[in-house]
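Everything below concerns the one structure shown next.
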Amino acid sequence: MYKISMLLDFYGQMLTKRQYEILDLHYNGDYSLGEIAQELDISRQGVYDNIKRGKAALFDMENKLGLVSRFNRQKERTSEIIKLLEAIDVSALGAQNRKSIEKVRLELRSIMED
């Protein structure tokens with residue numbers, strides 16, 4: 001479910017309006033097929049078909065563009081850099097260098113939270 005939610009965040013606007021709405025309700029809103037069918041006044045089979053086609057389109061876009069994979073790799077690399085910075089013994093450094101290291105660490109944490 002997390003993977004589909006991430007794909008929706010990155011590629012959702014490239015789906016049809018109906019596919020996006022159905023996938024968003026199902027994966028982000030935790031609606032069942034029956035609840036979506038009732039909400040949108042379509043059949044459960046229609047909901048299922050839209051989910052199947054929408055997921056296929058999302059995975060196809062990810063295979064071609066790789067934005068989610070790239071985002072996850074950058075997040076992992078940023079986390080590793082933070083760990084390396086935290087392992088530095090700053091006691092032997094001057095005040096300016098300690099400030100610089102702390103500023104870099106805070107900036108990286110900010111990137112991780114965005």
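Residue names in the structure tokens use chain letters A, B, ... in the order shown, residue numbers from 1 in each chain, and ligand numbers from 1 in the order shown.
Excluding stretch 95-111 of chain A itself and same-chain residues fewer than 2 positions from it, the residues having an atom within 6 Å of it are Ile82, Glu113 and Asp114 of chain A, counting only C-alpha atoms.
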Residues from last step as file, N, CA and C atoms, as a compact mmCIF listing (two decimals), in the first residue's frame:
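Dumped to again11.txt:
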```
# COMPACT_ATOMS: atom_id res chain seq x y z
N ILE A 82 24.07 12.01 7.15
CA ILE A 82 23.78 12.48 8.51
C ILE A 82 24.50 11.61 9.53
N GLU A 113 12.95 15.63 5.78
CA GLU A 113 11.57 15.83 6.21
C GLU A 113 10.67 16.34 5.10
N ASP A 114 11.22 16.94 4.07
CA ASP A 114 10.40 17.48 2.95
C ASP A 114 9.82 16.39 2.11
```
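When the distance limit is 9 Å and only C-alpha atoms are what count, the residues near A:Lys75, minus those fewer than 5 positions from it on the same chain, are A:Arg70, A:Glu80, A:Ile111, A:Met112.
With only C-alpha atoms as the atoms that count, the minimum distance from A:Tyr11 to the choices A:Ile42, A:Leu25, A:Leu85, A:Met61 is reached by A:Met61.
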>> I need the residues of chain A that end up classed as alpha helix (DSSP H) by DSSP on the backbone, written out as a PyMOL selection string.
In response: chain A and resi 2-11+17-23+33-40+44-65+67-86+95-113
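For the residues A:Leu33, A:Ile81, A:Leu58, A:Val47, ranking by smallest atom-to-atom distance to A:Gly12 using only C-alpha atoms places A:Leu58 first.
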